[in-house]
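K.L.:
My structure is below; once you've seen it, I'll send some questions.
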Amino acid sequence: MSKYDVAIIGAGMSGLAAGIRLAHYGRRVVILDRHRRIGGMNSWYRRAGREFDTGLHAMTNFSPLGARGAPLGKLLRQLRLRYQELDLVEQNFSVIRFPQAELRFSNHPQELADSIGALFPGQVDGWLELRNRIREFPSLVLDDLPPLSARAVLAEHLSEPLLREMLLCPLMYYGNAREHDMDFAQFCVMFQSVFEQGLCRPRGGIRPLLQRLASRYQEAGGELRLGSGVRALHLHDQEMRGIELDSGESLEAEAVLSSAGYPETMALCQPEQRSGQLEIEAETSPMSFVEAIFVCKKPMPSKIGGDPTIVFHSDTMPFRYHCPQGLVEPSSKVICLPDNFAAPDPDWRERGESRIRLTRIASYQQWAKLDKAEYGQAKKETRDNMLRDLQAWFGGAVEEPVAEDLFTPRTIEKYTGRRRGAVYGSPIKRRQGRTPIDNLFICGTDQGFHGITGAMLSGVSMANHHFLR
Ligand SMILES: Cc1cc2nc3c(=O)[nH]c(=O)nc-3n(C[C@H](O)[C@H](O)[C@H](O)COP(=O)(O)OP(=O)(O)OC[C@H]3O[C@@H](n4cnc5c(N)ncnc54)[C@H](O)[C@@H]3O)c2cc1C
């Protein structure tokens with residue numbers, strides 16, 4: 001029977017990053033993933049002769065080469081990767097669009113400050129106070145912080161409700177597991193990642209970055225076992241004693257670090273030893289999404305002026321961030337134009353095609369109850385509505401796509417194992433990465449950091465905190 005110091009569940013961003021740290025320091029480490037491809041929620045696939053990213057809109061936490069004290073630079077040093085290996089390209093600019101107003105932001109925080117100053121001149125002092133409060137807030141500590149409502153804190157500093165909603169819209173869409181409100185610590189992390197540092201994209205999509213992470217891990221001596229799902233974790237006296245794979249094979253490890261999600265990980269423990277089913281239910285977020293990807297022959301003309309990279313759009317004020325009654329929440333959307341970064345992906349430029357990704361909030365429960373025929377029909381109707389919506393939005397300039405795809409909360413659950421397709425994991429974060437089992441830890445989304453960069457930071461910090469001190 002194989003014996004490891006640490007077995008990591010999941011070859012996504014957090015599992016790979018944790019694995020690199022542990023292998024680099026000589027730990028006997030294995031990464032186990034049920035899938036045959038690395039990447040988890042942010043992977044890639046081929047369809048109609050083209051390579052698609054499963055999730056990538058943008059990476060947060062951009063910093064230029066050599067920026068002192070920047071989280072991205074610190075992360076890369078921990079992973080022993082050179083900045084140039086990521087080949088990052090920056091966003092042009094992005095837009096938050098409500099019926100009454102439009103704000104712009106880019107990787108220069110002053111652009112958002114100027115946009116706020118122009119639209120909401122009476123809010124400038126409050127905006128500066130809010131930024132200071134966010135900078136001073138200990139949002140990155142590993143201690144569990146008491147819950148604090150982001151809406152309440154925003155209202156202390158900004159008297160203009162429209163501005164508050166406009167700031168919440170992108171940060172909730174890109175990193176909030178809760179309905180209606182957001183924990184202020186999470187708000188601070190997302191605010192700094194998106195508005196202060198900014199958005200970028202690895203040129204050529206997520207695959208080169210993932211492959212670099214996997215080869216860095218293997219060069220350091222780590223073992224990667226794809227197609228190796230963990231079926232159960234065997235416990236004795238609050239200790240994990242054995243790992244059972246889907247194949248029936250057993251593995252032994254001193255400890256397990258799981259990136260599968262907290263409720264998903266606890267569900268692997270034997271029923272009599274794990275927390276109750278009710279607790280597992282309460283720990284699964286109701287927030288999920290549908291996304292349509294359309295590939296068109298011509299570059300997209302913009303209705304906004306310039307070539308925005310991402311548009312966060314709400315038809316309603318206040319912005320509605322909740323699990324909808326129907327399949328899809330119709331009042332808001334995110335439009336991502338992956339070809340509107342500072343430099344195009346070489347493959348797509350050669351093809352002369354451009355891509356649009358349209359994301360809306362969706363209800364897992366509504367999608368889950370459909371039978372096969374109903375599900376196919378609902379996907380088709382959703383696709384048609386989304387294309388019509390884009391045509392209206394771009395003033396009829398979106399032609400019939402030459403390739404396309406649409407995923408639902410069911411797709412996310414199927415391919416990532418995330419219960420109910422909950423992209424941002426449990427609404428309850430465990431900053432310490434601890435579970436009730438002494439030698440079972442979690443990293444990634446449910447530890448508290450979202451997104452590609454956040455997941456890698458989480459993997460690194462959990463590996464350091466629990467195994468390398
Ligand atoms: C559609 C979509 C779009 C997104 N867009 C962006 C974006 O533009 N920018 C951004 O920064 N972030 C984005 N995200 C979020 C980002 O992808 C995630 O936050 C990040 O990838 C999480 O990484 P992780 O390692 O924590 O978890 P995961 O990626 O979920 O990795 C967990 C891994 O564990 C494996 N696993 C689960 N259970 C088992 C088991 N029992 N046995 C073995 N293996 C198991 C899974 O197969 C998976 O590979 C998006 C996510 C989705 C779904």
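Here, A, B, ... name the chains of the structure tokens in the order displayed, residue numbers run from 1 inside each chain, and ligands are numbered from 1 in the same displayed order.
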As a PyMOL selection string, please: the residues near stretch 341-348 of chain A (cut-off 8 Å, only C-alpha atoms, same-chain neighbours under 5 positions excluded).

P.N.:
chain A and resi 89-92+200-201+203-205+309+353-354

K.L.:
Skip stretch 103-110 of chain A itself and residues of its chain fewer than 5 positions away, then list as a list in words all residues within 9 Å of it, counting only C-alpha atoms.

P.N.:
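That gives Phe62, Ser63, Glu90, Gln91, Asn92, Phe93, Ser94, Val95, Ile96, Arg97, Phe98, Ser115, Ile116, Leu119, Met166, Val194, Phe195, Glu196, Gln197, Gly198, Leu199 and Cys200 of chain A.
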
K.L.:
DSSP says strand (DSSP E or B) for which residues of stretch 348-447 of chain A? Put them as a count of residues only?

P.N.:
18

K.L.:
Could you pull out all residues of stretch 9-124 of chain A with a DSSP call of alpha helix (DSSP H) and give them as an mmCIF file with C-alpha atoms, in the first residue's frame?

P.N.:
data_model
loop_
_atom_site.group_PDB
_atom_site.id
_atom_site.type_symbol
_atom_site.label_atom_id
_atom_site.label_comp_id
_atom_site.auth_asym_id
_atom_site.auth_seq_id
_atom_site.Cartn_x
_atom_site.Cartn_y
_atom_site.Cartn_z
ATOM 1 C CA MET A 13 -5.538 25.639 -9.063
ATOM 2 C CA SER A 14 -5.393 25.261 -5.271
ATOM 3 C CA GLY A 15 -4.416 21.586 -5.240
ATOM 4 C CA LEU A 16 -1.617 22.109 -7.773
ATOM 5 C CA ALA A 17 -0.288 25.165 -5.926
ATOM 6 C CA ALA A 18 -0.298 23.306 -2.579
ATOM 7 C CA GLY A 19 1.366 20.319 -4.243
ATOM 8 C CA ILE A 20 4.194 22.462 -5.620
ATOM 9 C CA ARG A 21 5.003 23.816 -2.147
ATOM 10 C CA LEU A 22 4.931 20.396 -0.499
ATOM 11 C CA ALA A 23 6.921 18.606 -3.212
ATOM 12 C CA HIS A 24 9.461 21.439 -3.296
ATOM 13 C CA PRO A 71 0.182 39.429 -4.028
ATOM 14 C CA LEU A 72 0.817 38.022 -7.514
ATOM 15 C CA GLY A 73 4.590 38.507 -7.175
ATOM 16 C CA LYS A 74 4.570 36.876 -3.725
ATOM 17 C CA LEU A 75 2.540 33.960 -5.082
ATOM 18 C CA LEU A 76 4.932 33.379 -7.963
ATOM 19 C CA ARG A 77 7.938 33.424 -5.631
ATOM 20 C CA GLN A 78 6.251 30.777 -3.477
ATOM 21 C CA LEU A 79 5.634 28.643 -6.560
ATOM 22 C CA TYR A 83 6.526 36.243 -13.982
ATOM 23 C CA GLN A 84 7.264 35.956 -17.703
ATOM 24 C CA GLU A 85 6.141 32.300 -17.707
ATOM 25 C CA LEU A 86 2.546 33.441 -17.178
ATOM 26 C CA PRO A 109 -7.370 52.468 -9.816
ATOM 27 C CA GLN A 110 -7.484 56.190 -10.566
ATOM 28 C CA GLU A 111 -9.751 55.461 -13.558
ATOM 29 C CA LEU A 112 -12.501 54.184 -11.256
ATOM 30 C CA ALA A 113 -11.943 57.075 -8.821
ATOM 31 C CA ASP A 114 -12.268 59.576 -11.709
ATOM 32 C CA SER A 115 -15.371 57.842 -13.019
ATOM 33 C CA ILE A 116 -16.973 58.013 -9.551
ATOM 34 C CA GLY A 117 -15.907 61.661 -9.172
ATOM 35 C CA ALA A 118 -17.549 62.559 -12.492
ATOM 36 C CA LEU A 119 -20.834 60.736 -11.822
ATOM 37 C CA VAL A 124 -15.651 61.388 -3.351
#

K.L.:
I'd like the neighbourhood of A:Ser215 as number ranges by chain, where a residue qualifies if any of its atoms comes within 10 Å (using only C-alpha atoms), though same-chain residues fewer than 5 positions away should be ignored.

P.N.:
A: 16, 20, 210, 220-222, 224

K.L.:
Which polymer residues have any atom within 12 Å of an atom of A:Glu249, counting only C-alpha atoms, with same-chain residues fewer than 3 positions away left out, as a count of residues only?

P.N.:
13

K.L.:
Show which residues sit within 10 Å of A:Arg135, as a PyMOL selection string. Count only C-alpha atoms, and ignore same-chain residues fewer than 2 positions away.

P.N.:
chain A and resi 129-133+137-139+188-189+191-192

K.L.:
Give the answer as one residue: which of A:Lys333, A:Arg431, A:Arg207, A:Arg241 has the shortest atom-to-atom distance to A:Gly40, using only C-alpha atoms?

P.N.:
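Checking each of A:Lys333, A:Arg431, A:Arg207, A:Arg241 against A:Gly40, counting only C-alpha atoms, the winner is A:Arg207.
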
K.L.:
Which residues, written as a list in words, have at least one atom at most 8 Å from stretch 256-265 of chain A, with only C-alpha atoms counted and residues fewer than 3 positions away on the same chain left out?

P.N.:
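These residues fall inside the cut-off: Val6, Ala7, Ile8, Ile9, Gly10, Gly12, Ser14, Gly15, Met240, Ala253, Leu268, Cys269, Ile280, Glu281, Glu283, Thr284, Gly417, Arg418, Arg419, Gly425, Ser426, Asn439, Leu440, Phe441, Ile442, Cys443, Gly444, Thr445 and Asp446 of chain A.
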
K.L.:
How would the residues just picked look written out with N, CA, C and O atoms as a compact mmCIF listing (two decimals), in the first residue's frame?

P.N.:
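Listing of out.txt after writing:
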# COMPACT_ATOMS: atom_id res chain seq x y z
N VAL A 6 1.38 13.62 2.46
CA VAL A 6 0.12 14.34 2.23
C VAL A 6 -0.50 13.86 0.93
O VAL A 6 0.18 13.77 -0.10
N ALA A 7 -1.80 13.55 0.98
CA ALA A 7 -2.56 13.30 -0.25
C ALA A 7 -3.45 14.51 -0.46
O ALA A 7 -4.13 14.97 0.47
N ILE A 8 -3.41 15.07 -1.68
CA ILE A 8 -4.23 16.24 -2.00
C ILE A 8 -5.38 15.78 -2.88
O ILE A 8 -5.15 15.09 -3.88
N ILE A 9 -6.58 16.15 -2.50
CA ILE A 9 -7.73 15.83 -3.37
C ILE A 9 -7.96 17.04 -4.28
O ILE A 9 -8.25 18.14 -3.81
N GLY A 10 -7.81 16.81 -5.59
CA GLY A 10 -8.10 17.86 -6.57
C GLY A 10 -6.86 18.43 -7.24
O GLY A 10 -5.94 18.92 -6.58
N GLY A 12 -7.00 21.04 -9.26
CA GLY A 12 -7.35 22.38 -9.72
C GLY A 12 -6.24 23.34 -9.29
O GLY A 12 -5.14 22.92 -8.89
N SER A 14 -5.88 25.28 -6.66
CA SER A 14 -5.39 25.26 -5.27
C SER A 14 -4.62 23.99 -4.99
O SER A 14 -3.58 24.02 -4.31
N GLY A 15 -5.11 22.85 -5.49
CA GLY A 15 -4.42 21.59 -5.24
C GLY A 15 -3.03 21.58 -5.87
O GLY A 15 -2.04 21.15 -5.26
N MET A 240 -8.08 10.74 10.17
CA MET A 240 -8.22 10.08 8.88
C MET A 240 -7.14 9.00 8.80
O MET A 240 -5.97 9.27 9.01
N ALA A 253 -2.00 7.97 3.96
CA ALA A 253 -1.30 9.26 4.02
C ALA A 253 -1.38 9.78 5.44
O ALA A 253 -2.36 9.52 6.16
N LEU A 268 -17.36 12.61 2.07
CA LEU A 268 -16.52 11.44 1.80
C LEU A 268 -16.24 10.63 3.06
O LEU A 268 -15.79 9.50 3.00
N CYS A 269 -16.47 11.27 4.22
CA CYS A 269 -16.20 10.57 5.48
C CYS A 269 -17.38 9.63 5.78
O CYS A 269 -18.50 9.89 5.37
N ILE A 280 -24.35 19.64 6.08
CA ILE A 280 -23.78 19.63 4.72
C ILE A 280 -24.70 20.41 3.77
O ILE A 280 -24.24 21.18 2.94
N GLU A 281 -26.01 20.26 3.94
CA GLU A 281 -26.95 21.01 3.10
C GLU A 281 -26.79 22.51 3.32
O GLU A 281 -26.70 23.30 2.38
N GLU A 283 -24.34 24.13 4.18
CA GLU A 283 -23.04 24.64 3.77
C GLU A 283 -22.89 24.69 2.26
O GLU A 283 -21.80 24.88 1.76
N THR A 284 -23.96 24.43 1.53
CA THR A 284 -23.85 24.48 0.07
C THR A 284 -24.56 25.74 -0.43
O THR A 284 -25.74 25.93 -0.17
N GLY A 417 -17.65 18.17 -9.59
CA GLY A 417 -18.03 17.57 -8.31
C GLY A 417 -18.56 18.59 -7.31
O GLY A 417 -18.87 18.25 -6.18
N ARG A 418 -18.67 19.88 -7.71
CA ARG A 418 -19.19 20.92 -6.81
C ARG A 418 -20.68 20.72 -6.63
O ARG A 418 -21.44 20.83 -7.62
N ARG A 419 -21.12 20.43 -5.40
CA ARG A 419 -22.56 20.24 -5.16
C ARG A 419 -23.33 21.45 -5.66
O ARG A 419 -22.95 22.59 -5.42
N GLY A 425 -18.53 27.94 -3.75
CA GLY A 425 -18.45 27.04 -2.61
C GLY A 425 -19.40 27.38 -1.49
O GLY A 425 -20.45 27.98 -1.70
N SER A 426 -19.00 27.01 -0.30
CA SER A 426 -19.86 27.18 0.87
C SER A 426 -19.95 28.65 1.26
O SER A 426 -18.96 29.37 1.18
N ASN A 439 -6.45 15.35 11.03
CA ASN A 439 -5.46 15.40 9.94
C ASN A 439 -6.13 15.53 8.56
O ASN A 439 -5.61 15.04 7.56
N LEU A 440 -7.29 16.17 8.54
CA LEU A 440 -7.98 16.45 7.28
C LEU A 440 -8.19 17.96 7.17
O LEU A 440 -8.81 18.57 8.06
N PHE A 441 -7.65 18.56 6.12
CA PHE A 441 -7.69 20.01 5.96
C PHE A 441 -8.31 20.34 4.60
O PHE A 441 -8.33 19.51 3.70
N ILE A 442 -8.77 21.60 4.47
CA ILE A 442 -9.29 22.01 3.17
C ILE A 442 -8.49 23.21 2.64
O ILE A 442 -7.92 23.98 3.41
N CYS A 443 -8.47 23.33 1.33
CA CYS A 443 -7.90 24.52 0.70
C CYS A 443 -8.81 24.91 -0.47
O CYS A 443 -9.72 24.16 -0.83
N GLY A 444 -8.57 26.07 -1.04
CA GLY A 444 -9.36 26.51 -2.20
C GLY A 444 -10.58 27.29 -1.78
O GLY A 444 -10.62 27.91 -0.71
N THR A 445 -11.58 27.21 -2.62
CA THR A 445 -12.77 28.05 -2.50
C THR A 445 -13.36 28.10 -1.08
O THR A 445 -13.73 29.18 -0.62
N ASP A 446 -13.47 26.96 -0.40
CA ASP A 446 -14.14 26.97 0.90
C ASP A 446 -13.23 27.41 2.04
O ASP A 446 -13.70 27.64 3.15

K.L.:
Nearest to ligand 1 among A:Asp384, A:Glu136, A:Glu374, A:Asp405, with distances taken over only C-alpha atoms and all ligand atoms: which residue is it?

P.N.:
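Using only C-alpha atoms and all ligand atoms, ligand 1 sits closest to A:Asp405.
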